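Listing of structure-v3.csv; format and content: CSV, C-alpha atoms.
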chain,number,residue,atom,x,y,z
A,1,VAL,CA,67.2,30.1,-66.9
A,2,LEU,CA,66.5,33.7,-67.9
A,3,PHE,CA,70.3,34.2,-68.4
A,4,TRP,CA,70.5,31.2,-70.8
A,5,VAL,CA,67.3,32.2,-72.6
A,6,GLY,CA,68.8,35.6,-73.2
A,7,VAL,CA,72.1,34.3,-74.3
A,8,GLY,CA,70.4,31.8,-76.7
A,9,ARG,CA,68.3,34.5,-78.2
A,10,ARG,CA,71.2,36.9,-78.7
A,11,VAL,CA,73.6,34.3,-80.1
A,12,GLY,CA,70.9,32.7,-82.2
A,13,GLU,CA,70.2,36.0,-83.9
A,14,TYR,CA,73.7,37.6,-84.1
A,15,GLY,CA,76.2,34.8,-83.6
A,16,LEU,CA,79.1,34.8,-81.2
A,17,THR,CA,81.7,37.6,-80.8
A,18,GLU,CA,84.7,37.6,-78.5
A,19,PRO,CA,82.8,39.3,-75.6
A,20,ARG,CA,79.9,36.8,-76.0
A,21,VAL,CA,82.3,33.9,-75.8
A,22,TRP,CA,83.5,35.2,-72.5
A,23,LEU,CA,79.9,35.8,-71.5
A,24,VAL,CA,79.0,32.2,-72.2
A,25,ALA,CA,82.1,31.0,-70.3
A,26,CYS,CA,81.2,33.1,-67.2
A,27,GLY,CA,77.6,32.0,-67.5
A,28,GLY,CA,78.7,28.4,-67.5
A,29,LEU,CA,80.8,28.9,-64.4
A,30,MET,CA,77.9,30.7,-62.7
A,31,THR,CA,75.6,27.8,-63.6
A,32,LEU,CA,78.1,25.3,-62.3
A,33,CYS,CA,78.3,27.2,-59.0
A,34,VAL,CA,74.5,27.2,-58.7
A,35,LEU,CA,74.2,23.5,-59.4
A,36,LEU,CA,77.0,22.7,-56.9
A,37,PHE,CA,75.5,24.7,-54.1
A,38,LEU,CA,72.1,23.0,-54.5
A,39,MET,CA,73.5,20.2,-52.4
A,40,ARG,CA,75.6,20.5,-49.3
A,41,ARG,CA,77.8,17.6,-50.3
A,42,THR,CA,79.1,19.4,-53.4
A,43,ALA,CA,79.0,22.9,-52.0
A,44,ARG,CA,82.7,23.6,-52.1
A,45,TYR,CA,84.2,26.9,-53.3
A,46,ARG,CA,87.4,25.0,-54.3
A,47,TRP,CA,85.5,23.2,-57.0
A,48,VAL,CA,84.2,26.5,-58.4
A,49,CYS,CA,87.8,27.9,-58.3
A,50,ALA,CA,89.2,24.8,-60.0
A,51,ALA,CA,86.5,24.9,-62.7
A,52,GLY,CA,87.2,28.5,-63.3
A,53,PHE,CA,90.9,28.0,-63.6
A,54,VAL,CA,90.5,25.1,-66.0
A,55,LEU,CA,87.9,27.0,-68.1
A,56,PHE,CA,89.9,30.2,-68.5
A,57,ALA,CA,93.1,28.3,-69.1
A,58,ALA,CA,91.4,26.4,-71.9
A,59,LEU,CA,90.1,29.5,-73.5
A,60,ALA,CA,93.6,31.2,-73.2
A,61,TYR,CA,95.8,28.3,-74.3
A,62,VAL,CA,93.8,25.8,-76.4
A,63,PRO,CA,93.9,27.2,-80.0
A,64,ALA,CA,90.6,25.7,-81.1
A,65,LEU,CA,88.9,27.3,-78.0
A,66,GLU,CA,90.4,30.8,-78.4
A,67,PRO,CA,87.5,33.3,-78.2
A,68,GLU,CA,88.6,35.1,-81.4
A,69,ARG,CA,88.6,31.8,-83.4
A,70,VAL,CA,85.3,30.7,-82.0
A,71,ALA,CA,83.8,34.0,-82.8
A,72,VAL,CA,85.1,34.0,-86.4
A,73,ARG,CA,83.7,30.5,-87.0
A,74,SER,CA,80.3,31.6,-85.7
A,75,GLN,CA,80.2,34.8,-87.7
A,76,LEU,CA,81.4,33.0,-90.8
A,77,HIS,CA,78.6,30.4,-90.4
A,78,ARG,CA,76.1,33.3,-89.9
A,79,ALA,CA,77.3,35.1,-93.0
A,80,VAL,CA,77.1,31.9,-95.1
A,81,ARG,CA,73.6,31.1,-93.8
A,82,ILE,CA,72.2,34.6,-94.5
A,83,ALA,CA,73.9,34.7,-97.9
A,84,GLY,CA,72.2,31.4,-98.7
A,85,GLU,CA,68.8,32.7,-97.6
A,86,LEU,CA,69.3,35.8,-99.8
A,87,GLU,CA,70.5,33.8,-102.7
A,88,LEU,CA,73.8,35.7,-102.8
A,89,LEU,CA,76.0,32.6,-103.6
A,90,ASP,CA,76.7,30.9,-106.9
A,91,GLY,CA,77.0,27.2,-107.4
A,92,GLU,CA,80.6,27.2,-106.1
A,93,GLY,CA,79.7,29.1,-103.0
A,94,ALA,CA,81.3,32.4,-104.1
A,95,LEU,CA,79.5,35.7,-103.6
A,96,ARG,CA,77.4,37.1,-106.5
A,97,LEU,CA,77.9,40.9,-106.4
A,98,ASP,CA,75.1,41.5,-108.9
A,99,ALA,CA,72.6,40.0,-106.3
A,100,PHE,CA,73.1,43.1,-104.2
A,101,ARG,CA,70.9,45.0,-106.7
A,102,GLN,CA,67.9,43.3,-105.2
A,103,ILE,CA,68.1,45.2,-101.9
A,104,ASP,CA,64.9,47.0,-101.0
A,105,SER,CA,63.4,48.5,-97.9
A,106,VAL,CA,62.0,45.1,-96.8
A,107,SER,CA,65.2,43.0,-97.3
A,108,LYS,CA,67.8,45.6,-96.2
A,109,PRO,CA,67.9,44.4,-92.6
A,110,ARG,CA,68.9,41.0,-93.8
A,111,PHE,CA,71.7,42.5,-96.0
A,112,ARG,CA,72.8,44.6,-93.0
A,113,ASN,CA,73.1,41.4,-90.9
A,114,PHE,CA,75.1,39.7,-93.7
A,115,TYR,CA,77.4,42.6,-94.0
A,116,GLU,CA,78.0,42.8,-90.2
A,117,ALA,CA,79.0,39.1,-90.1
A,118,ALA,CA,81.2,39.3,-93.3
A,119,ASP,CA,82.9,42.4,-92.1
A,120,TYR,CA,83.7,40.8,-88.7
A,121,VAL,CA,85.3,37.8,-90.4
A,122,ALA,CA,87.2,40.0,-92.9
A,123,ASP,CA,88.7,42.1,-90.1
A,124,ARG,CA,90.0,39.1,-88.1
A,125,ASP,CA,90.6,36.2,-90.5
A,126,THR,CA,91.4,37.0,-94.2
A,127,ALA,CA,92.0,33.4,-95.0
A,128,ALA,CA,88.5,32.4,-93.8
A,129,PHE,CA,87.0,35.3,-95.7
A,130,ARG,CA,88.4,34.2,-99.0
A,131,ARG,CA,85.7,31.5,-99.3
A,132,PHE,CA,83.4,34.3,-100.6
A,133,GLY,CA,85.7,34.9,-103.6
A,134,VAL,CA,85.6,38.7,-103.5
A,135,PRO,CA,87.4,41.4,-101.5
A,136,MET,CA,85.4,43.4,-98.9
A,137,ARG,CA,85.8,46.6,-100.8
A,138,GLU,CA,83.9,45.2,-103.8
A,139,ILE,CA,81.1,44.1,-101.5
A,140,ARG,CA,80.9,47.7,-100.2
A,141,ASN,CA,80.9,49.1,-103.8
A,142,ALA,CA,78.1,46.6,-104.8
A,143,VAL,CA,75.6,48.0,-102.3
A,144,PRO,CA,73.3,50.5,-104.0
A,145,ALA,CA,73.9,54.1,-102.9
A,146,GLU,CA,70.5,54.6,-101.5
A,147,TYR,CA,71.0,51.7,-99.0
A,148,SER,CA,74.7,52.0,-98.4
A,149,ASP,CA,74.4,54.1,-95.2
A,150,TYR,CA,72.1,51.5,-93.6
A,151,VAL,CA,73.8,48.3,-94.9
A,152,LEU,CA,77.4,49.5,-94.2
A,153,TYR,CA,76.9,51.6,-91.0
A,154,GLY,CA,73.4,50.9,-89.7
A,155,TRP,CA,72.3,54.5,-90.4
A,156,ASN,CA,68.7,55.3,-91.5
A,157,SER,CA,68.7,58.0,-94.1
A,158,ALA,CA,66.1,60.8,-93.9
A,159,ALA,CA,64.2,59.2,-96.7
A,160,ASP,CA,63.7,56.1,-94.7
A,161,THR,CA,62.2,57.8,-91.7
A,162,VAL,CA,58.7,59.2,-91.3
A,163,GLU,CA,58.1,62.1,-89.0
A,164,VAL,CA,55.1,61.6,-86.8
A,165,VAL,CA,53.4,64.8,-85.7
A,166,GLU,CA,51.7,64.4,-82.3
A,167,THR,CA,48.9,66.8,-81.2
A,168,TYR,CA,47.3,66.8,-77.8
A,169,TRP,CA,43.9,68.1,-76.9
A,170,SER,CA,42.0,67.9,-73.7
A,171,ALA,CA,38.4,68.0,-72.5
A,172,GLU,CA,38.1,69.5,-69.0
A,173,THR,CA,35.2,70.2,-66.6
A,174,GLN,CA,34.0,73.7,-66.9
A,175,ARG,CA,31.9,75.9,-64.5
A,176,GLY,CA,28.3,74.6,-64.5
A,177,PHE,CA,29.3,71.1,-65.7
A,178,ARG,CA,26.4,68.7,-65.3
A,179,VAL,CA,25.9,65.0,-65.9
A,180,ASP,CA,22.3,64.0,-66.8
A,181,GLY,CA,20.7,60.6,-67.0
A,182,ILE,CA,22.5,58.9,-64.1
A,183,GLY,CA,19.4,57.6,-62.2
A,184,GLY,CA,19.3,53.9,-61.2
A,185,TYR,CA,22.8,53.6,-59.9
A,186,SER,CA,23.2,52.4,-56.3
A,187,ALA,CA,26.7,53.4,-55.3
A,188,LEU,CA,28.9,56.5,-55.7
A,189,TYR,CA,32.7,56.4,-55.4
A,190,THR,CA,34.6,59.6,-55.0
A,191,GLU,CA,38.2,60.7,-54.0
A,192,TRP,CA,39.9,58.7,-56.8
A,193,ARG,CA,43.7,58.7,-57.0
A,194,SER,CA,46.0,57.9,-59.9
A,195,TRP,CA,48.2,55.7,-57.7
A,196,ASN,CA,47.8,52.8,-55.3
A,197,SER,CA,47.7,54.2,-51.8
A,198,GLY,CA,46.2,51.0,-50.3
A,199,GLN,CA,43.2,52.9,-48.9
A,200,TYR,CA,41.4,55.0,-51.6
A,201,PRO,CA,40.1,53.7,-54.8
A,202,TYR,CA,42.6,54.3,-57.6
A,203,TYR,CA,42.8,54.1,-61.3
A,204,GLU,CA,45.6,53.5,-63.9
A,205,LEU,CA,45.5,54.0,-67.6
A,206,THR,CA,47.9,52.0,-69.8
A,207,ASP,CA,48.1,51.8,-73.6
A,208,SER,CA,45.5,49.1,-73.6
A,209,THR,CA,43.3,49.4,-70.5
A,210,LEU,CA,41.7,51.7,-68.0
A,211,ASN,CA,41.8,49.9,-64.7
A,212,LEU,CA,39.5,50.9,-61.8
A,213,HIS,CA,40.5,49.5,-58.4
A,214,PHE,CA,37.7,49.9,-55.8
A,215,ALA,CA,39.9,49.0,-52.8
A,216,GLY,CA,37.7,46.0,-52.0
A,217,LEU,CA,34.4,48.0,-52.0
A,218,HIS,CA,33.4,46.7,-55.4
A,219,PRO,CA,34.9,44.2,-57.9
A,220,ASP,CA,37.6,45.9,-60.0
A,221,VAL,CA,36.8,46.9,-63.5
A,222,ALA,CA,39.0,46.9,-66.6
A,223,VAL,CA,37.9,49.0,-69.6
A,224,PRO,CA,39.8,48.4,-72.9
A,225,ALA,CA,41.3,51.6,-74.2
A,226,GLU,CA,39.6,51.2,-77.6
A,227,GLU,CA,36.2,50.7,-75.9
A,228,LEU,CA,36.9,53.8,-73.8
A,229,LEU,CA,37.7,56.0,-76.8
A,230,GLY,CA,34.8,54.7,-78.8
A,231,ASN,CA,32.3,55.1,-76.0
A,232,LEU,CA,33.4,58.7,-75.4
A,233,LEU,CA,33.2,59.5,-79.1
A,234,ARG,CA,29.7,58.0,-79.3
A,235,GLN,CA,28.6,60.0,-76.2
A,236,ALA,CA,29.7,63.1,-78.1
A,237,GLY,CA,27.9,62.1,-81.3
A,238,ILE,CA,31.3,61.5,-83.1
A,239,ALA,CA,31.6,58.4,-85.2
A,240,PRO,CA,34.0,55.9,-83.6
A,241,GLY,CA,37.1,55.5,-85.8
A,242,SER,CA,37.1,59.0,-87.0
A,243,VAL,CA,39.7,61.6,-86.0
A,244,PRO,CA,38.0,64.8,-84.9
A,245,ASP,CA,39.8,68.1,-85.0
A,246,GLU,CA,40.4,70.3,-82.0
A,247,ALA,CA,37.3,72.4,-82.7
A,248,ALA,CA,35.1,69.3,-82.4
A,249,ILE,CA,36.7,68.3,-79.2
A,250,ARG,CA,36.1,71.8,-77.8
A,251,GLU,CA,32.5,71.8,-79.0
A,252,LYS,CA,31.7,68.4,-77.4
A,253,ASN,CA,33.7,69.0,-74.2
A,254,ASP,CA,31.1,67.9,-71.7
A,255,GLU,CA,30.0,64.8,-73.5
A,256,LEU,CA,33.7,63.6,-73.8
A,257,LEU,CA,34.0,63.5,-70.0
A,258,VAL,CA,31.5,60.8,-69.3
A,259,TYR,CA,31.9,57.0,-70.0
A,260,ARG,CA,28.7,55.0,-69.7
A,261,SER,CA,28.0,51.3,-69.7
A,262,LYS,CA,25.3,49.0,-68.4
A,263,GLU,CA,27.2,48.5,-65.1
A,264,LEU,CA,28.8,51.9,-64.4
A,265,VAL,CA,29.3,55.5,-65.2
A,266,VAL,CA,32.7,57.1,-65.0
A,267,VAL,CA,32.9,60.9,-64.8
A,268,PHE,CA,36.3,62.4,-65.7
A,269,SER,CA,37.5,65.8,-64.6
A,270,GLU,CA,39.9,65.7,-67.6
A,271,VAL,CA,40.6,63.6,-70.6
A,272,TRP,CA,43.6,64.1,-72.9
A,273,PHE,CA,43.5,63.0,-76.5
A,274,GLU,CA,46.5,62.3,-78.6
A,275,ARG,CA,46.3,62.6,-82.4
A,276,SER,CA,49.3,60.9,-84.1
A,277,ASP,CA,49.7,59.8,-87.7
A,278,SER,CA,46.0,60.1,-88.4
A,279,ALA,CA,45.0,58.1,-85.4
A,280,LEU,CA,43.4,59.1,-82.1
A,281,ARG,CA,43.8,57.7,-78.7
A,282,VAL,CA,43.2,58.6,-75.0
A,283,ASP,CA,46.5,59.6,-73.6
A,284,LYS,CA,45.7,60.5,-70.0
A,285,VAL,CA,42.6,60.8,-67.8
A,286,SER,CA,41.7,62.1,-64.4
A,287,VAL,CA,38.8,60.2,-62.8
A,288,ASP,CA,36.4,62.3,-60.7
A,289,VAL,CA,33.6,60.0,-59.6
A,290,VAL,CA,32.3,56.5,-60.5
A,291,LEU,CA,28.7,55.3,-60.2
A,292,THR,CA,27.9,51.6,-60.1
A,293,ARG,CA,24.6,49.6,-60.0
Structure rendered as structure tokens:
Amino acid sequence: VLFWVGVGRRVGEYGLTEPRVWLVACGGLMTLCVLLFLMRRTARYRWVCAAGFVLFAALAYVPALEPERVAVRSQLHRAVRIAGELELLDGEGALRLDAFRQIDSVSKPRFRNFYEAADYVADRDTAAFRRFGVPMREIRNAVPAEYSDYVLYGWNSAADTVEVVETYWSAETQRGFRVDGIGGYSALYTEWRSWNSGQYPYYELTDSTLNLHFAGLHPDVAVPAEELLGNLLRQAGIAPGSVPDEAAIREKNDELLVYRSKELVVVFSEVWFERSDSALRVDKVSVDVVLTR
């Protein structure tokens, strides 16, 4: 099922090519083998061999089923479909070269998809490509210069890319570090690990959640990453949503090491913050102790 879902997704988006035709053929043979061997009565390797022989002979000797012809028909259909969606065709179905002037940063992936399909057909079946009414070189020349690298070759120019500068800061426990206001909690959990050893409580931080696993001693807790960041910033007197600089992180070091909620307190020995593209997130943590009610 996963195989056919993947094939359907890929072919649905990009059409058939010769390797994909053979992929579908081999997948069909594989599926037939699975179905035959679901029952003992039909579980015969000779049926699989016979089906494979017939299938590959048909692809090799029946003109209409030749992989190259099947792929050309698929890519031609794909090119015509995309051209229609982009309104590149005139009333007679010929390509309007002036329509390529409408390429922009939003539509350029669709033009790239059209060019890929059209170029595939032009390389393998010039007669089929004539239905567009213009030669391939004129299509290349019609693409605006600022988008030609992407549409023709799939290259992103430097102007289309944005450099993201990442900065990492950390808050760490210092000598004399104290946590105040922790009365009223009934249990203390220590010796936390960052992996599942099956014995000690452990934690894991993903892009979306800090998960605390208590090894059966207490119900596990999941803290959303956004809530964790906002809570730490509030403890330090920094407005959630703001992006403090390194100096502010250093100044509020101790406060940024304690997460507090109604049910528990998490004390970290280290918290790493990542600042990227004017946004702040918790990149890495090291859990020291956890107190629960």
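Our summary of the geometry notes that atom CA of A:Arg130 is positioned 28.9 Å from atom CA of A:Arg9.
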List as a CSV table (one decimal) with C-alpha atoms, keeping the file's coordinate frame the protein and nucleic acid residues near A:Asp288, meaning an atom at most 12 Å away when only C-alpha atoms are counted, but skip any in the same chain fewer than 3 places from it.
chain,number,residue,atom,x,y,z
A,172,GLU,CA,38.1,69.5,-69.0
A,173,THR,CA,35.2,70.2,-66.6
A,188,LEU,CA,28.9,56.5,-55.7
A,189,TYR,CA,32.7,56.4,-55.4
A,190,THR,CA,34.6,59.6,-55.0
A,191,GLU,CA,38.2,60.7,-54.0
A,192,TRP,CA,39.9,58.7,-56.8
A,193,ARG,CA,43.7,58.7,-57.0
A,194,SER,CA,46.0,57.9,-59.9
A,201,PRO,CA,40.1,53.7,-54.8
A,202,TYR,CA,42.6,54.3,-57.6
A,203,TYR,CA,42.8,54.1,-61.3
A,212,LEU,CA,39.5,50.9,-61.8
A,257,LEU,CA,34.0,63.5,-70.0
A,258,VAL,CA,31.5,60.8,-69.3
A,259,TYR,CA,31.9,57.0,-70.0
A,265,VAL,CA,29.3,55.5,-65.2
A,266,VAL,CA,32.7,57.1,-65.0
A,267,VAL,CA,32.9,60.9,-64.8
A,268,PHE,CA,36.3,62.4,-65.7
A,269,SER,CA,37.5,65.8,-64.6
A,270,GLU,CA,39.9,65.7,-67.6
A,271,VAL,CA,40.6,63.6,-70.6
A,285,VAL,CA,42.6,60.8,-67.8
A,291,LEU,CA,28.7,55.3,-60.2
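Interatomic distance, atom CA of A:Val48 to atom CA of A:Val24: 15.8 Å.
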Please provide as an mmCIF file with C-alpha atoms, in the coordinates of the input all residues within 12 Å of A:Phe3, with the sequence filter that same-chain residues fewer than 5 positions apart are discarded (counting only C-alpha atoms).
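Below is the file out-v7.cif, written as the result:
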data_model
loop_
_atom_site.group_PDB
_atom_site.id
_atom_site.type_symbol
_atom_site.label_atom_id
_atom_site.label_comp_id
_atom_site.auth_asym_id
_atom_site.auth_seq_id
_atom_site.Cartn_x
_atom_site.Cartn_y
_atom_site.Cartn_z
ATOM 1 C CA GLY A 8 70.400 31.800 -76.700
ATOM 2 C CA ARG A 9 68.300 34.500 -78.200
ATOM 3 C CA ARG A 10 71.200 36.900 -78.700
ATOM 4 C CA LEU A 23 79.900 35.800 -71.500
ATOM 5 C CA VAL A 24 79.000 32.200 -72.200
ATOM 6 C CA CYS A 26 81.200 33.100 -67.200
ATOM 7 C CA GLY A 27 77.600 32.000 -67.500
ATOM 8 C CA GLY A 28 78.700 28.400 -67.500
ATOM 9 C CA MET A 30 77.900 30.700 -62.700
ATOM 10 C CA THR A 31 75.600 27.800 -63.600
#
Shortest contact to A:Tyr45, candidates A:Leu29, A:Leu59, A:Met136, A:Ala248, atoms counted all atoms listed in the file, goes to A:Leu29
Anything within 8 Å of (45.7, 50.4, -56.3): list those residues as a PDB file with C-alpha atoms, in the coordinates of the input, counting only C-alpha atoms and sticking to the file's coordinates.
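This is the output file selection-v4.pdb:
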ATOM      1  CA  TRP A 195      48.200  55.700 -57.700  1.00  0.00           C
ATOM      2  CA  ASN A 196      47.800  52.800 -55.300  1.00  0.00           C
ATOM      3  CA  SER A 197      47.700  54.200 -51.800  1.00  0.00           C
ATOM      4  CA  GLY A 198      46.200  51.000 -50.300  1.00  0.00           C
ATOM      5  CA  TYR A 200      41.400  55.000 -51.600  1.00  0.00           C
ATOM      6  CA  PRO A 201      40.100  53.700 -54.800  1.00  0.00           C
ATOM      7  CA  TYR A 202      42.600  54.300 -57.600  1.00  0.00           C
ATOM      8  CA  TYR A 203      42.800  54.100 -61.300  1.00  0.00           C
ATOM      9  CA  HIS A 213      40.500  49.500 -58.400  1.00  0.00           C
ATOM     10  CA  ALA A 215      39.900  49.000 -52.800  1.00  0.00           C
TER      11      ALA A 215
END
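Minimum distance to A:Val70 across A:Arg140, A:Lys262, A:Arg124, A:Arg110 (counting all atoms listed in the file) occurs at A:Arg124.
Shortest separation to A:Ala99 among A:Arg44, A:Gly154, A:Trp169, A:Val143 occurs at residue A:Val143, atoms counted being only C-alpha atoms.
The gap separating atom CA of A:Ala225 from atom CA of A:Val282 is 7.3 Å, in Å to one decimal.
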Since the input lacks some atoms of stretch 283-293 of chain A, please model all heavy atoms and print them as a compact mmCIF listing (two decimals), in the frame of the given file.
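Below is the file selection_3.txt, written as the result:
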# COMPACT_ATOMS: atom_id res chain seq x y z
N ASP A 283 45.17 59.56 -74.15
CA ASP A 283 46.50 59.60 -73.60
C ASP A 283 46.57 59.60 -72.09
O ASP A 283 47.41 58.97 -71.46
CB ASP A 283 47.30 60.75 -74.18
CG ASP A 283 48.71 60.83 -73.65
OD1 ASP A 283 49.51 59.93 -73.94
OD2 ASP A 283 49.03 61.81 -72.93
N LYS A 284 45.65 60.35 -71.50
CA LYS A 284 45.70 60.50 -70.00
C LYS A 284 44.28 60.89 -69.57
O LYS A 284 43.53 61.56 -70.28
CB LYS A 284 46.67 61.64 -69.68
CG LYS A 284 46.89 61.85 -68.20
CD LYS A 284 48.04 62.82 -67.96
CE LYS A 284 47.80 64.17 -68.58
NZ LYS A 284 48.86 65.17 -68.25
N VAL A 285 43.91 60.45 -68.37
CA VAL A 285 42.60 60.80 -67.80
C VAL A 285 42.77 61.14 -66.34
O VAL A 285 43.78 60.81 -65.70
CB VAL A 285 41.61 59.59 -67.93
CG1 VAL A 285 41.36 59.23 -69.37
CG2 VAL A 285 42.11 58.37 -67.14
N SER A 286 41.76 61.80 -65.83
CA SER A 286 41.70 62.10 -64.40
C SER A 286 40.24 61.74 -63.97
O SER A 286 39.30 62.41 -64.37
CB SER A 286 41.98 63.56 -64.13
OG SER A 286 41.86 63.85 -62.75
N VAL A 287 40.10 60.68 -63.19
CA VAL A 287 38.80 60.20 -62.80
C VAL A 287 38.27 61.01 -61.60
O VAL A 287 38.99 61.22 -60.60
CB VAL A 287 38.86 58.69 -62.38
CG1 VAL A 287 37.51 58.22 -61.87
CG2 VAL A 287 39.31 57.86 -63.58
N ASP A 288 37.06 61.49 -61.72
CA ASP A 288 36.40 62.30 -60.70
C ASP A 288 35.56 61.41 -59.78
O ASP A 288 35.83 61.23 -58.60
CB ASP A 288 35.64 63.44 -61.28
CG ASP A 288 35.16 64.43 -60.23
OD1 ASP A 288 35.59 64.31 -59.06
OD2 ASP A 288 34.40 65.34 -60.57
N VAL A 289 34.49 60.85 -60.35
CA VAL A 289 33.60 60.00 -59.60
C VAL A 289 33.21 58.78 -60.47
O VAL A 289 33.27 58.86 -61.70
CB VAL A 289 32.32 60.70 -59.12
CG1 VAL A 289 32.68 61.84 -58.17
CG2 VAL A 289 31.53 61.20 -60.31
N VAL A 290 32.79 57.68 -59.81
CA VAL A 290 32.30 56.50 -60.50
C VAL A 290 31.01 56.07 -59.86
O VAL A 290 30.94 55.99 -58.60
CB VAL A 290 33.33 55.34 -60.46
CG1 VAL A 290 32.77 54.08 -61.11
CG2 VAL A 290 34.64 55.75 -61.13
N LEU A 291 29.99 55.79 -60.66
CA LEU A 291 28.70 55.30 -60.20
C LEU A 291 28.56 53.84 -60.64
O LEU A 291 28.85 53.52 -61.81
CB LEU A 291 27.55 56.11 -60.66
CG LEU A 291 27.49 57.58 -60.24
CD1 LEU A 291 28.20 58.46 -61.27
CD2 LEU A 291 26.05 58.02 -60.06
N THR A 292 28.10 52.95 -59.76
CA THR A 292 27.90 51.60 -60.10
C THR A 292 26.46 51.14 -59.72
O THR A 292 25.83 51.74 -58.85
CB THR A 292 28.88 50.64 -59.41
OG1 THR A 292 28.68 50.73 -57.99
CG2 THR A 292 30.30 51.01 -59.76
N ARG A 293 25.99 50.10 -60.37
CA ARG A 293 24.60 49.60 -60.00
C ARG A 293 24.71 48.64 -58.85
O ARG A 293 25.73 48.04 -58.60
CB ARG A 293 24.06 48.86 -61.24
CG ARG A 293 23.81 49.81 -62.43
CD ARG A 293 22.92 49.17 -63.47
NE ARG A 293 22.77 50.00 -64.64
CZ ARG A 293 21.92 51.01 -64.74
NH1 ARG A 293 21.13 51.32 -63.74
NH2 ARG A 293 21.86 51.73 -65.85
